[in-house]
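These notes concern the structure reproduced below.
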Amino acid sequence: MNWSLLFFANSVLLGAGLAMDAFSVSIVNALSEPDMKCGKRFLTAGVYALFQFAMPMIGWICVHTIAQKFTAFQKFIPWIALVLLLYIGIKMIWESLHSDNKECKACKKTTCENCASRKTSRLALGLLLLQGIATSIDALSVGFATAEYGLAMALASSLIIAAVTFAICMAGLLIGRAAGNRLSDRAQIFGGCILIFIGIEIFVRGVFF
């Protein structure tokens, strides 16, 4: 396949499709942390973009090296995504329901009138990495779609996918931030439910379709 406008268009569309789960999780993160700083938003979107770059490349390498074993591993991909997103979603809901009596880190009081209306959940790096894996692991299968590409084209396609993912996730973070300020303390429960739904959707799509 030659370098062409069609190649770039296909990569952009592929990136948009693959980024939808990360887009939804970006909204969830901003719902839970509406005061997220600009630098952290860039980091969050960057992590999702990094995984969306890495997974297609890993898939491409596997197709060209251990295709038979990689094909056998594919059936576990929906299960891995389901377990990770169920864990993260349930954890968010649990923490939201059991956070009323936690000491306020800002003023060191168990109950704080000034902070009660601004309960937020800080996105930790470990959790962000888990989200990155869960929302991108199905992109391993892209290795089959790009198997005919040479190394340079596979890298270019993955970079385009990563750039599209970054832009879409930044949009999701901004949307979630606006909604999070309105939902207040219900945002974390709502976000956890969304993550559980995404996990189930990835599982159903991967197993039955």
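Following the order of the structure tokens, first chain is A, next is B, and so on, with residues numbered from 1 inside each chain and ligands from 1 in the order they appear.
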Inset, instruction - Just the residues within 12 Å of region 29-43 of chain A, please, counting only C-alpha atoms, with nothing from its chain fewer than 4 positions along; format it as JSON, numbers by chain. - result: {"A": [22, 23, 24, 25, 47, 48, 49, 50, 88, 89, 92, 93, 95, 96, 118, 119, 120, 121, 122, 123, 124, 125, 127, 128, 129, 131, 132, 165, 166, 167, 168, 169, 170, 171, 172, 173, 174, 175, 176, 177, 178, 179, 180, 181, 182, 183, 184, 185, 186, 187, 188, 189, 190, 191, 192, 194, 195]}
Do you have, as JSON lines, the list of residues of region 117-179 of chain A lying at most 12 Å from region 67-70 of chain A, each with its nearest atom pair and that distance in Å to one decimal, counting only C-alpha atoms and ordered by chain then number?
```
{"residue": "A:Leu140", "atom": "CA", "partner": "A:Phe70", "partner_atom": "CA", "distance": 9.4}
{"residue": "A:Ser141", "atom": "CA", "partner": "A:Phe70", "partner_atom": "CA", "distance": 9.3}
{"residue": "A:Gly143", "atom": "CA", "partner": "A:Ala67", "partner_atom": "CA", "distance": 9.8}
{"residue": "A:Phe144", "atom": "CA", "partner": "A:Ala67", "partner_atom": "CA", "distance": 9.2}
{"residue": "A:Ala147", "atom": "CA", "partner": "A:Ala67", "partner_atom": "CA", "distance": 10.4}
```
Legend entry - Residue among A:Ala145, A:Gly126, A:Gly15, A:Thr65 lying closest to Thr44 (chain A), counting only C-alpha atoms: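 Looking at the shortest contact to Thr44 (chain A), the residue is A:Gly126.
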Legend entry - DSSP helix (DSSP H, G or I) residues within region 3-209 of chain A, as an MDAnalysis selection string: chainID A and resid 5:18 20:32 38:63 67:74 77:97 116:118 125:145 151:208
